[in-house]
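final04.txt (compact mmCIF, C-alpha atoms and all ligand atoms)
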```txt
# COMPACT_ATOMS: atom_id res chain seq x y z
CA MET A 1 1.37 -9.23 -27.78
CA LYS A 2 -0.50 -7.44 -25.00
CA SER A 3 -1.70 -7.91 -21.46
CA ALA A 4 -3.87 -5.66 -19.27
CA PHE A 5 -4.67 -5.70 -15.56
CA ARG A 6 -6.33 -3.58 -12.91
CA ALA A 7 -4.59 -3.76 -9.52
CA PRO A 8 -5.58 -2.00 -6.30
CA SER A 9 -3.61 0.02 -3.81
CA ASN A 10 -3.34 -1.13 -0.19
CA ILE A 11 -3.13 0.47 3.23
CA ALA A 12 -0.86 -1.09 5.85
CA LEU A 13 -2.09 -1.75 9.38
CA VAL A 14 1.33 -2.92 10.58
CA LYS A 15 3.84 -0.92 8.59
CA TYR A 16 6.73 -1.94 6.35
CA TRP A 17 9.50 0.50 7.23
CA GLY A 18 13.07 -0.63 6.69
CA LYS A 19 14.49 -2.99 4.08
CA TYR A 20 17.70 -4.74 3.10
CA GLY A 21 19.20 -6.56 0.10
CA VAL A 22 17.02 -6.49 -2.99
CA GLN A 23 13.80 -5.16 -1.54
CA LEU A 24 13.51 -7.56 1.39
CA PRO A 25 11.59 -6.28 4.41
CA SER A 26 13.34 -5.87 7.76
CA LYS A 27 10.14 -7.00 9.45
CA PRO A 28 6.61 -8.20 8.66
CA SER A 29 3.71 -5.99 7.60
CA ILE A 30 0.00 -6.50 6.92
CA SER A 31 -2.41 -4.43 4.83
CA PHE A 32 -6.00 -4.08 3.76
CA THR A 33 -6.29 -4.31 -0.01
CA LEU A 34 -8.30 -1.34 -1.27
CA ASP A 35 -10.96 -1.28 -3.96
CA SER A 36 -11.43 2.01 -5.82
CA CYS A 37 -7.86 3.29 -5.54
CA ALA A 38 -6.35 1.27 -8.38
CA THR A 39 -4.16 1.36 -11.46
CA GLU A 40 -5.14 -0.01 -14.88
CA THR A 41 -2.18 -0.93 -17.01
CA THR A 42 -1.64 -2.41 -20.46
CA VAL A 43 1.77 -3.75 -21.42
CA GLU A 44 2.57 -4.39 -25.06
CA LEU A 45 5.68 -6.18 -26.27
CA THR A 46 7.09 -4.56 -29.40
CA ASP A 47 9.84 -5.30 -31.91
CA ARG A 48 11.31 -1.85 -31.46
CA PRO A 49 13.69 -1.85 -28.45
CA GLY A 50 13.23 0.63 -25.61
CA ILE A 51 10.56 1.56 -23.10
CA SER A 52 7.72 4.02 -23.56
CA VAL A 53 5.15 4.99 -20.94
CA GLU A 54 1.81 6.71 -21.49
CA LEU A 55 -0.14 8.03 -18.50
CA ASP A 56 -3.77 8.76 -19.35
CA GLY A 57 -2.91 8.58 -23.04
CA GLU A 58 -0.03 11.07 -22.81
CA ASP A 59 3.57 10.20 -23.38
CA THR A 60 5.23 10.42 -19.92
CA PRO A 61 9.02 10.05 -20.23
CA GLY A 62 9.36 10.89 -16.52
CA PHE A 63 8.11 7.37 -15.68
CA VAL A 64 10.61 5.57 -17.91
CA PRO A 65 13.53 5.37 -15.41
CA LYS A 66 11.30 3.69 -12.78
CA ILE A 67 10.05 1.12 -15.31
CA ALA A 68 13.59 0.62 -16.64
CA GLN A 69 14.80 -0.11 -13.11
CA PHE A 70 11.91 -2.55 -12.65
CA VAL A 71 12.79 -4.35 -15.90
CA GLU A 72 16.43 -4.52 -14.85
CA ARG A 73 15.52 -6.02 -11.47
CA ILE A 74 13.16 -8.65 -12.89
CA ALA A 75 15.40 -9.60 -15.84
CA PRO A 76 17.27 -12.36 -13.91
CA ARG A 77 13.89 -14.12 -13.39
CA HIS A 78 12.54 -13.19 -16.83
CA PRO A 79 15.46 -12.95 -19.25
CA TRP A 80 13.05 -13.09 -22.24
CA ILE A 81 12.01 -9.53 -21.50
CA GLY A 82 15.31 -8.26 -22.94
CA ASP A 83 14.26 -9.49 -26.38
CA TYR A 84 11.44 -6.94 -26.67
CA GLY A 85 10.61 -3.29 -26.51
CA ILE A 86 7.94 -2.40 -23.96
CA ARG A 87 5.03 -0.04 -24.33
CA VAL A 88 3.20 0.70 -21.08
CA GLN A 89 -0.15 2.48 -21.02
CA THR A 90 -1.37 3.27 -17.55
CA HIS A 91 -4.17 5.07 -15.77
CA ASN A 92 -4.84 5.64 -12.08
CA THR A 93 -8.45 5.62 -10.93
CA PHE A 94 -7.57 8.12 -8.20
CA PRO A 95 -6.62 11.66 -9.12
CA HIS A 96 -3.04 12.20 -10.21
CA SER A 97 -1.09 14.22 -7.63
CA SER A 98 -3.58 13.32 -4.91
CA GLY A 99 -0.63 12.43 -2.70
CA ILE A 100 -1.77 8.79 -2.83
CA ALA A 101 1.16 6.62 -3.79
CA SER A 102 0.48 4.88 -7.07
CA SER A 103 3.55 2.67 -6.72
CA ALA A 104 1.74 -0.20 -4.97
CA SER A 105 -1.12 -0.42 -7.48
CA GLY A 106 1.10 0.54 -10.43
CA MET A 107 3.83 -1.99 -9.78
CA SER A 108 1.40 -4.82 -9.05
CA ALA A 109 -0.56 -4.14 -12.27
CA LEU A 110 2.71 -4.08 -14.21
CA ALA A 111 3.94 -7.29 -12.58
CA LEU A 112 0.67 -9.09 -13.41
CA CYS A 113 1.04 -8.07 -17.07
CA VAL A 114 4.63 -9.36 -17.17
CA VAL A 115 3.69 -12.73 -15.66
CA ASP A 116 0.74 -13.04 -18.05
CA LEU A 117 2.98 -12.25 -21.04
CA ALA A 118 5.55 -14.78 -19.83
CA GLN A 119 2.81 -17.41 -19.77
CA LYS A 120 1.55 -16.39 -23.23
CA LEU A 121 5.11 -16.82 -24.51
CA GLY A 122 5.21 -20.30 -23.01
CA HIS A 123 7.57 -19.67 -20.10
CA ALA A 124 6.99 -21.56 -16.85
CA VAL A 125 6.17 -19.18 -14.01
CA GLY A 126 5.19 -21.47 -11.12
CA ASP A 127 2.31 -19.98 -9.12
CA PRO A 128 1.47 -16.90 -11.27
CA LYS A 129 0.10 -14.80 -8.38
CA GLN A 130 3.14 -15.53 -6.25
CA GLU A 131 5.46 -14.76 -9.15
CA ALA A 132 3.63 -11.47 -9.75
CA SER A 133 3.99 -10.63 -6.05
CA ILE A 134 7.75 -11.26 -6.24
CA LEU A 135 8.06 -9.02 -9.30
CA ALA A 136 5.85 -6.31 -7.79
CA ARG A 137 8.06 -6.33 -4.67
CA LEU A 138 11.11 -5.71 -6.84
CA GLY A 139 9.33 -2.62 -8.19
CA SER A 140 8.11 -1.32 -4.82
CA GLY A 141 8.02 -3.25 -1.54
CA SER A 142 4.44 -2.53 -0.53
CA ALA A 143 3.24 -3.46 -4.05
CA CYS A 144 3.73 -7.16 -3.27
CA ARG A 145 0.73 -6.91 -0.91
CA SER A 146 -1.61 -5.78 -3.73
CA LEU A 147 -1.97 -9.16 -5.46
CA TYR A 148 -4.77 -10.55 -3.28
CA GLY A 149 -8.00 -9.25 -1.80
CA GLY A 150 -8.73 -8.73 1.89
CA LEU A 151 -5.76 -8.78 4.23
CA VAL A 152 -2.25 -9.56 2.98
CA VAL A 153 0.92 -10.27 4.97
CA TRP A 154 4.47 -9.68 3.75
CA GLY A 155 7.59 -10.69 5.66
CA GLU A 156 8.30 -13.93 7.45
CA THR A 157 6.89 -14.01 10.96
CA PRO A 158 6.25 -16.97 13.29
CA SER A 159 2.59 -16.13 13.96
CA VAL A 160 1.66 -16.33 10.26
CA PRO A 161 2.40 -19.71 8.67
CA GLY A 162 3.36 -19.38 5.00
CA SER A 163 4.52 -15.78 5.40
CA ALA A 164 7.61 -15.06 3.32
CA GLN A 165 10.23 -12.40 2.70
CA GLU A 166 9.97 -12.58 -1.10
CA PHE A 167 6.21 -12.25 -1.63
CA GLY A 168 2.90 -11.35 -0.03
CA THR A 169 0.45 -14.03 1.16
CA PRO A 170 -3.26 -13.78 1.93
CA TYR A 171 -3.88 -13.63 5.68
CA PRO A 172 -4.44 -17.30 6.51
CA HIS A 173 -6.15 -17.20 9.91
CA LYS A 174 -9.74 -16.78 10.99
CA LEU A 175 -11.09 -13.34 10.07
CA ASN A 176 -14.14 -11.77 11.68
CA GLU A 177 -16.76 -10.67 9.12
CA VAL A 178 -16.48 -7.03 10.22
CA PHE A 179 -13.06 -6.75 8.55
CA ARG A 180 -14.23 -7.98 5.15
CA SER A 181 -16.10 -4.78 4.32
CA TYR A 182 -14.08 -2.24 6.32
CA ARG A 183 -14.16 1.34 5.04
CA ASP A 184 -11.19 3.63 4.39
CA VAL A 185 -11.85 7.29 3.68
CA VAL A 186 -8.66 9.01 2.63
CA ALA A 187 -8.52 12.63 3.77
CA LEU A 188 -6.23 14.43 1.32
CA VAL A 189 -4.24 16.95 3.31
CA ASP A 190 -1.18 17.49 1.19
CA VAL A 191 -1.34 16.68 -2.48
CA GLY A 192 2.16 17.75 -3.50
CA GLN A 193 5.46 15.90 -3.74
CA LYS A 194 6.60 14.44 -0.42
CA ALA A 195 9.52 16.25 1.24
CA VAL A 196 11.29 12.94 1.94
CA SER A 197 10.60 9.88 -0.24
CA SER A 198 9.76 6.45 1.19
CA THR A 199 12.99 5.15 -0.33
CA ALA A 200 15.00 7.69 1.67
CA GLY A 201 12.92 6.92 4.77
CA HIS A 202 13.63 3.18 4.50
CA GLN A 203 17.34 3.99 4.21
CA LEU A 204 17.28 6.00 7.42
CA MET A 205 16.10 2.88 9.26
CA GLU A 206 19.48 1.25 8.54
CA ARG A 207 21.14 3.39 11.21
CA HIS A 208 18.08 4.16 13.30
CA PRO A 209 18.73 3.99 17.05
CA PHE A 210 15.36 2.24 17.67
CA ARG A 211 15.60 -0.25 14.81
CA THR A 212 16.01 -3.40 16.90
CA GLN A 213 13.05 -2.58 19.14
CA ARG A 214 10.94 -1.54 16.17
CA PHE A 215 11.58 -4.73 14.25
CA ALA A 216 10.72 -6.83 17.32
CA GLN A 217 7.59 -4.74 17.89
CA ALA A 218 6.32 -5.41 14.35
CA HIS A 219 6.51 -9.19 14.95
CA ASP A 220 4.68 -8.70 18.26
CA HIS A 221 2.01 -6.59 16.59
CA LEU A 222 1.42 -9.21 13.90
CA ALA A 223 1.00 -11.85 16.60
CA ALA A 224 -1.29 -9.58 18.67
CA LEU A 225 -3.49 -8.96 15.62
CA GLY A 226 -4.32 -12.68 15.34
CA PRO A 227 -6.93 -12.83 18.15
CA ILE A 228 -8.14 -9.30 17.33
CA LEU A 229 -8.87 -10.16 13.69
CA ALA A 230 -10.55 -13.42 14.71
CA SER A 231 -12.80 -11.94 17.40
CA GLY A 232 -13.52 -8.53 15.85
CA ASP A 233 -12.33 -6.72 19.00
CA LEU A 234 -12.50 -3.24 17.49
CA ASP A 235 -11.16 -1.39 20.54
CA ALA A 236 -7.98 -3.46 20.45
CA PHE A 237 -7.83 -3.16 16.64
CA MET A 238 -8.06 0.64 16.73
CA GLU A 239 -5.46 0.92 19.47
CA LEU A 240 -2.96 -1.20 17.59
CA VAL A 241 -3.57 0.44 14.21
CA GLU A 242 -3.17 3.97 15.58
CA LEU A 243 -0.07 2.98 17.54
CA GLU A 244 1.45 1.62 14.30
CA ALA A 245 0.67 4.84 12.41
CA LEU A 246 2.14 7.08 15.08
CA THR A 247 5.15 4.78 15.49
CA LEU A 248 5.87 5.08 11.76
CA HIS A 249 5.87 8.86 12.02
CA GLY A 250 7.75 8.68 15.34
CA LEU A 251 10.47 6.76 13.51
CA MET A 252 10.66 9.53 10.92
CA MET A 253 10.86 12.19 13.61
CA SER A 254 13.62 10.27 15.40
CA SER A 255 15.66 9.48 12.26
CA SER A 256 18.92 11.25 11.67
CA PRO A 257 18.35 13.65 9.97
CA SER A 258 14.90 13.98 11.51
CA TYR A 259 11.88 14.94 9.48
CA ILE A 260 8.13 15.44 9.78
CA LEU A 261 5.64 14.46 7.09
CA MET A 262 2.50 15.24 9.09
CA ARG A 263 0.99 18.67 8.55
CA PRO A 264 -0.97 20.74 11.10
CA GLN A 265 -4.18 19.54 9.39
CA THR A 266 -3.08 15.92 9.90
CA LEU A 267 -3.05 16.51 13.66
CA ARG A 268 -6.35 18.39 13.56
CA ILE A 269 -7.96 15.40 11.87
CA ILE A 270 -6.40 12.92 14.30
CA GLU A 271 -7.65 14.98 17.26
CA ALA A 272 -11.12 15.21 15.74
CA ILE A 273 -11.28 11.44 15.18
CA ARG A 274 -10.17 10.63 18.73
CA GLY A 275 -12.55 13.21 20.21
CA PHE A 276 -15.52 11.92 18.20
CA ARG A 277 -14.74 8.30 19.08
CA LEU A 278 -14.61 9.10 22.78
CA GLU A 279 -17.82 11.07 22.74
CA SER A 280 -19.90 8.86 20.41
CA GLY A 281 -18.49 5.39 21.02
CA ILE A 282 -18.39 4.88 17.23
CA PRO A 283 -15.44 2.65 16.26
CA ILE A 284 -13.60 5.03 13.94
CA CYS A 285 -9.81 5.26 13.87
CA PHE A 286 -6.99 6.49 11.67
CA THR A 287 -3.83 5.30 10.05
CA LEU A 288 -1.15 7.14 8.09
CA ASP A 289 1.16 6.15 5.28
CA ALA A 290 4.42 7.94 4.57
CA GLY A 291 2.75 11.30 4.04
CA ALA A 292 0.37 13.86 5.51
CA ASN A 293 -2.89 12.26 4.38
CA VAL A 294 -5.08 10.50 6.93
CA HIS A 295 -6.77 7.16 6.24
CA ILE A 296 -9.96 7.01 8.29
CA LEU A 297 -11.00 3.44 9.04
CA PHE A 298 -14.39 2.23 10.26
CA PRO A 299 -16.71 -0.77 9.85
CA GLU A 300 -19.43 -0.73 7.20
CA GLN A 301 -22.06 -0.82 9.98
CA ALA A 302 -20.86 2.57 11.28
CA GLU A 303 -20.84 4.14 7.82
CA GLN A 304 -23.69 6.59 8.19
CA SER A 305 -22.60 8.27 11.41
CA ALA A 306 -18.92 8.02 10.49
CA MET A 307 -19.52 9.77 7.15
CA GLU A 308 -21.59 12.52 8.80
CA PHE A 309 -18.69 13.14 11.17
CA VAL A 310 -16.13 13.04 8.35
CA ILE A 311 -18.04 15.53 6.21
CA ASP A 312 -18.59 17.96 9.08
CA HIS A 313 -15.28 17.68 10.94
CA VAL A 314 -12.63 16.23 8.61
CA GLN A 315 -13.43 17.58 5.16
CA PRO A 316 -12.85 21.24 6.22
CA TRP A 317 -9.19 20.33 6.93
CA CYS A 318 -8.66 18.64 3.57
CA LYS A 319 -6.94 20.34 0.65
CA ASP A 320 -9.81 21.83 -1.38
CA GLY A 321 -12.12 19.54 0.60
CA ARG A 322 -10.77 16.49 -1.23
CA MET A 323 -11.41 12.99 0.09
CA ILE A 324 -11.54 9.52 -1.46
CA ALA A 325 -14.03 6.99 -0.11
CA ASP A 326 -12.68 3.46 -0.41
CA ARG A 327 -13.18 0.05 1.16
CA VAL A 328 -11.56 -3.35 1.45
CA GLY A 329 -11.44 -4.89 -2.02
CA GLN A 330 -11.12 -8.24 -3.73
CA GLY A 331 -7.73 -7.84 -5.39
CA PRO A 332 -6.62 -7.44 -9.01
CA VAL A 333 -8.56 -8.41 -12.14
CA PRO A 334 -7.51 -8.94 -15.76
CA LEU A 335 -8.85 -6.35 -18.19
CA HIS A 336 -10.22 -7.22 -21.58
CA GLU A 337 -9.80 -4.67 -24.28
C1 LIG B 401 4.85 3.76 4.87
O1 LIG B 401 6.64 0.36 -0.66
O2 LIG B 401 6.63 2.85 -1.05
O3 LIG B 401 3.57 2.93 3.07
O4 LIG B 401 9.87 -0.41 -1.32
O5 LIG B 401 11.00 1.80 -1.43
O6 LIG B 401 9.05 1.32 -2.93
P1 LIG B 401 9.72 1.06 -1.59
O7 LIG B 401 8.77 1.67 -0.47
P2 LIG B 401 7.20 1.68 -0.33
O8 LIG B 401 7.07 1.93 1.25
C2 LIG B 401 5.80 2.09 1.80
C3 LIG B 401 5.88 2.22 3.26
C4 LIG B 401 4.60 2.58 3.97
C5 LIG B 401 4.14 1.42 4.84
C6 LIG B 401 3.55 0.22 4.16
O9 LIG B 401 2.92 0.35 3.11
O10 LIG B 401 3.71 -0.87 4.74
```
Have the structure of the file written as C-alpha cells, please.
Amino acid sequence: MKSAFRAPSNIALVKYWGKYGVQLPSKPSISFTLDSCATETTVELTDRPGISVELDGEDTPGFVPKIAQFVERIAPRHPWIGDYGIRVQTHNTFPHSSGIASSASGMSALALCVVDLAQKLGHAVGDPKQEASILARLGSGSACRSLYGGLVVWGETPSVPGSAQEFGTPYPHKLNEVFRSYRDVVALVDVGQKAVSSTAGHQLMERHPFRTQRFAQAHDHLAALGPILASGDLDAFMELVELEALTLHGLMMSSSPSYILMRPQTLRIIEAIRGFRLESGIPICFTLDAGANVHILFPEQAEQSAMEFVIDHVQPWCKDGRMIADRVGQGPVPLHE
C-alpha cells in the first residue's frame, strides 16, 4: 500500500523560536506557504520490518534516524504503523544542500502520506489536514504550517481565533489581495551545514534572558499584523517582518553561548535592500530563517523592478550566484503515480 504527496516549504513572518514539551511552541508564529520549494514523497508500507529512505532514487541511510524518531513520536496516535515496514522515497524540488531547510516540506509530505495510509487502512483520523499538521509538528515544528496555502498560524494567540498549540490553522481574518501573490526570492549565501542547528537554537531559548519579553512580543506582533494584512499597509508590513528577522538573529547573538548565523554577504544584501527601498520607494523587504540566506519579499506588482535590483545588486553576493524565485503557494497536493 502506497501514498504520495507534494508539500511546500514555508517562510515565517513572525518566527517560531523556543519550544517546550513534545514540540509545542513557546509562542505563536505565522508564515507564507511557498510554492516551488517543495518535497515530493512516497511512503510504502511493507511486510518487511524496518525503515528505508531513498533520496532522489538513492538509498540514504543518513535520513533513517530522523524518520525513525518521527515514527516513534507519532506511534501513540497511530499504533498501526508498528505493524509495517516503511519505505520512503523522497525528492526535493530545490537543490540539495542549498541551505534551504527541507524539514518543513519533508515532514509535512510524510505526515500527509501517513494520514492517507491510515484512512486507506480504515482508521478514523478526524480532520485529515489537522491530523497531518499534528504529525508534521511532531517531526519538525515549522512543518505544521505547511499543510495549507496562503498564510498559516501556529500557536494559540488571542488575536487569532482557532489558533492552537498542536497544529497550524489557515489565517482566518481578512487578507488584502496583495498578500495572495507575494514573491519570495531566496538569496543563497551559505549552502553548507549550519554551525548551530535549529534544535540547539530552540533549546537555548529555555534559559534566554529575554525569553519573557520575546514571547510577549510575538503575541503583540501577531495582533499588530491583523490590520496590516487586512489593509495591505506595506510600510508597516515590511517594518514588522524585518524586525522579526533581526530579532530572531538578535536572540541567537544574545544566547549563551552566543552565536552568529549571518554571514558578511547577508548584511551586504540587507543593506542593499534597505538602500534600494529608500531610494526607489519600491516595497521590497527581507526576512531570514535560522541561517545566512536572505528571503527577499515583494508584491507581484513590483516584480519587474524588484528582480532587476535583485539581479544587479543581490545576486553578486550569492554563493555561485544562486537564487531561488518562489511565491506564495496553495498548499500540498496528492501525487498520482
Ligand atoms: C527560524 O521547525 O526547524 O525557521 O521544531 O526543532 O524542527 P524544530 O525546528 P524548526 O525551526 C524553525 C525556526 C525558524 C522560524 C520559523 O520557521 O518559524
For segment 55-72 of chain A, please output as a list in words all residues within 7 Å (counting all atoms listed in the file; exclusion window: fewer than 3 positions along the same chain).
Ile51, Ser52, Ala75, Gln89, Thr90, His91, Leu138 and Gly139 of chain A
What separation in Å, quoted to one decimal, exists between atom CA of Val328 of chain A and atom CA of Asp184 of chain A?
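Going from atom CA of Val328 of chain A over to atom CA of Asp184 of chain A covers 7.6 Å.
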Skip Thr41 of chain A itself and residues of its chain fewer than 4 positions away, then list as a PDB file with C-alpha atoms, keeping the file's coordinate frame all residues within 10 Å of it, counting only C-alpha atoms.
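Dumped to selection.pdb:
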```pdb
ATOM      1  CA  SER A   3      -1.700  -7.910 -21.460  1.00  0.00           C
ATOM      2  CA  ALA A   4      -3.870  -5.660 -19.270  1.00  0.00           C
ATOM      3  CA  PHE A   5      -4.670  -5.700 -15.560  1.00  0.00           C
ATOM      4  CA  ARG A   6      -6.330  -3.580 -12.910  1.00  0.00           C
ATOM      5  CA  ALA A   7      -4.590  -3.760  -9.520  1.00  0.00           C
ATOM      6  CA  GLU A  54       1.810   6.710 -21.490  1.00  0.00           C
ATOM      7  CA  LEU A  55      -0.140   8.030 -18.500  1.00  0.00           C
ATOM      8  CA  VAL A  88       3.200   0.700 -21.080  1.00  0.00           C
ATOM      9  CA  GLN A  89      -0.150   2.480 -21.020  1.00  0.00           C
ATOM     10  CA  THR A  90      -1.370   3.270 -17.550  1.00  0.00           C
ATOM     11  CA  HIS A  91      -4.170   5.070 -15.770  1.00  0.00           C
ATOM     12  CA  ASN A  92      -4.840   5.640 -12.080  1.00  0.00           C
ATOM     13  CA  SER A 105      -1.120  -0.420  -7.480  1.00  0.00           C
ATOM     14  CA  GLY A 106       1.100   0.540 -10.430  1.00  0.00           C
ATOM     15  CA  MET A 107       3.830  -1.990  -9.780  1.00  0.00           C
ATOM     16  CA  SER A 108       1.400  -4.820  -9.050  1.00  0.00           C
ATOM     17  CA  ALA A 109      -0.560  -4.140 -12.270  1.00  0.00           C
ATOM     18  CA  LEU A 110       2.710  -4.080 -14.210  1.00  0.00           C
ATOM     19  CA  ALA A 111       3.940  -7.290 -12.580  1.00  0.00           C
ATOM     20  CA  LEU A 112       0.670  -9.090 -13.410  1.00  0.00           C
ATOM     21  CA  CYS A 113       1.040  -8.070 -17.070  1.00  0.00           C
ATOM     22  CA  PRO A 334      -7.510  -8.940 -15.760  1.00  0.00           C
ATOM     23  CA  LEU A 335      -8.850  -6.350 -18.190  1.00  0.00           C
TER      24      LEU A 335
END
```
Interface rows for chain A against ligand LIG 401 (chain B): nearest pair, Å to one decimal, 8 Å, all atoms listed in the file, as a Markdown table:
```
| residue | atom | partner | partner_atom | distance |
| --- | --- | --- | --- | --- |
| A:Asn10 | CA | B:LIG401 | O9 | 7.2 |
| A:Ile11 | CA | B:LIG401 | O9 | 6.1 |
| A:Ala12 | CA | B:LIG401 | O10 | 4.7 |
| A:Leu13 | CA | B:LIG401 | O10 | 7.5 |
| A:Val14 | CA | B:LIG401 | O10 | 6.6 |
| A:Lys15 | CA | B:LIG401 | O10 | 3.9 |
| A:Tyr16 | CA | B:LIG401 | O10 | 3.6 |
| A:Trp17 | CA | B:LIG401 | C3 | 5.6 |
| A:Lys19 | CA | B:LIG401 | O4 | 7.6 |
| A:Gln23 | CA | B:LIG401 | O4 | 6.2 |
| A:Ser29 | CA | B:LIG401 | O10 | 5.9 |
| A:Ile30 | CA | B:LIG401 | O10 | 7.1 |
| A:Ser31 | CA | B:LIG401 | O10 | 7.1 |
| A:Ala101 | CA | B:LIG401 | O2 | 7.2 |
| A:Ser103 | CA | B:LIG401 | O2 | 6.5 |
| A:Ala104 | CA | B:LIG401 | O1 | 6.5 |
| A:Arg137 | CA | B:LIG401 | O4 | 7.0 |
| A:Leu138 | CA | B:LIG401 | O4 | 7.8 |
| A:Gly139 | CA | B:LIG401 | O6 | 6.6 |
| A:Ser140 | CA | B:LIG401 | O6 | 3.4 |
| A:Gly141 | CA | B:LIG401 | O4 | 3.4 |
| A:Ser142 | CA | B:LIG401 | O1 | 3.6 |
| A:Ala143 | CA | B:LIG401 | O1 | 6.1 |
| A:Ser198 | CA | B:LIG401 | O7 | 5.2 |
| A:Thr199 | CA | B:LIG401 | O5 | 4.0 |
| A:Ala200 | CA | B:LIG401 | O5 | 7.8 |
| A:His202 | CA | B:LIG401 | O5 | 6.6 |
| A:Leu248 | CA | B:LIG401 | C1 | 7.1 |
| A:Leu288 | CA | B:LIG401 | C1 | 7.6 |
| A:Asp289 | CA | B:LIG401 | C1 | 4.4 |
| A:Ala290 | CA | B:LIG401 | C1 | 4.2 |
| A:Gly291 | CA | B:LIG401 | C1 | 7.9 |
```
Counting all atoms listed in the file, which residues come within 8 Å of (-20.1, -2.9, 2.3), with the point read in the file's coordinates, and could you list them as a PyMOL selection string?
chain A and resi 181-183+300+327
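Here atom CA of Ala164 of chain A stands at a distance of 26.6 Å from atom CA of Gly250 of chain A.
The closest residue to Ala38 of chain A, picked from A:Pro227, A:Gly201, A:Gly21, A:Pro8 and counting only C-alpha atoms, is A:Pro8.
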Nearest to Cys144 of chain A by atom-to-atom distance, counting all atoms listed in the file, from A:Gln301, A:Gln265, A:Thr212, A:Thr33:
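Of all the options, A:Thr33 lies closest to Cys144 of chain A.
The closest residue to Arg211 of chain A, picked from A:Pro25, A:Pro257, A:Gly18, A:Pro172 and counting only C-alpha atoms, is A:Gly18.
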Report, in Å with one decimal, the straight-line distance from atom CA of Pro283 of chain A to atom CA of Phe298 of chain A.
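Atom CA of Pro283 of chain A sits 6.1 Å away from atom CA of Phe298 of chain A.
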Which residue, A:Glu166, A:Val43, A:Cys37, A:Leu229, has the smallest gap to Lys2 of chain A when you use only C-alpha atoms?
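Under the stated criterion, the closest residue is A:Val43.
For the choices A:Thr169, A:Ser256, A:Thr42, A:Ser146, the atom-to-atom distance to Gln203 of chain A is smallest for A:Ser256 when using all atoms listed in the file.
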Residues at most 12 Å from Asp235 of chain A, counting only C-alpha atoms, excluding those fewer than 6 positions away in the same chain, as a list of chain:residue names?
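Selected residues are A:Leu225, A:Ile228, A:Leu229, A:Val241, A:Glu242, A:Arg277, A:Leu278, A:Gly281, A:Ile282, A:Pro283, A:Ile284, A:Cys285, A:Phe298.
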Write the residues of the selection above to a file with C-alpha atoms, as a compact mmCIF listing (two decimals), in the frame of the given file.
```txt
# COMPACT_ATOMS: atom_id res chain seq x y z
CA LEU A 225 -3.49 -8.96 15.62
CA ILE A 228 -8.14 -9.30 17.33
CA LEU A 229 -8.87 -10.16 13.69
CA VAL A 241 -3.57 0.44 14.21
CA GLU A 242 -3.17 3.97 15.58
CA ARG A 277 -14.74 8.30 19.08
CA LEU A 278 -14.61 9.10 22.78
CA GLY A 281 -18.49 5.39 21.02
CA ILE A 282 -18.39 4.88 17.23
CA PRO A 283 -15.44 2.65 16.26
CA ILE A 284 -13.60 5.03 13.94
CA CYS A 285 -9.81 5.26 13.87
CA PHE A 298 -14.39 2.23 10.26
```
Selected residue, from A:Leu234, A:Val114, A:Phe286, A:Ser26, that lies nearest to Leu246 of chain A when counting only C-alpha atoms:
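Closest to Leu246 of chain A, using only C-alpha atoms: A:Phe286.
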Which residues, written as a ChimeraX atom specification, have at least one atom at most 8 Å from Ile269 of chain A, with all atoms listed in the file counted and residues fewer than 3 positions away on the same chain left out?
/A:265-266,272-273,294,313-314,317
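Summary of the local environment: counting all atoms listed in the file, residues at most 7 Å from Thr157 of chain A, other than itself and those fewer than 6 positions away along its chain, are Pro28, Ser163 and His219 of chain A.
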Is it possible to get the residues within 10 Å of (-7.8, -18.4, 10.7) (coordinates as in the file, counting only C-alpha atoms) written as a PyMOL selection string?
chain A and resi 160+171-176+226-227+229-230
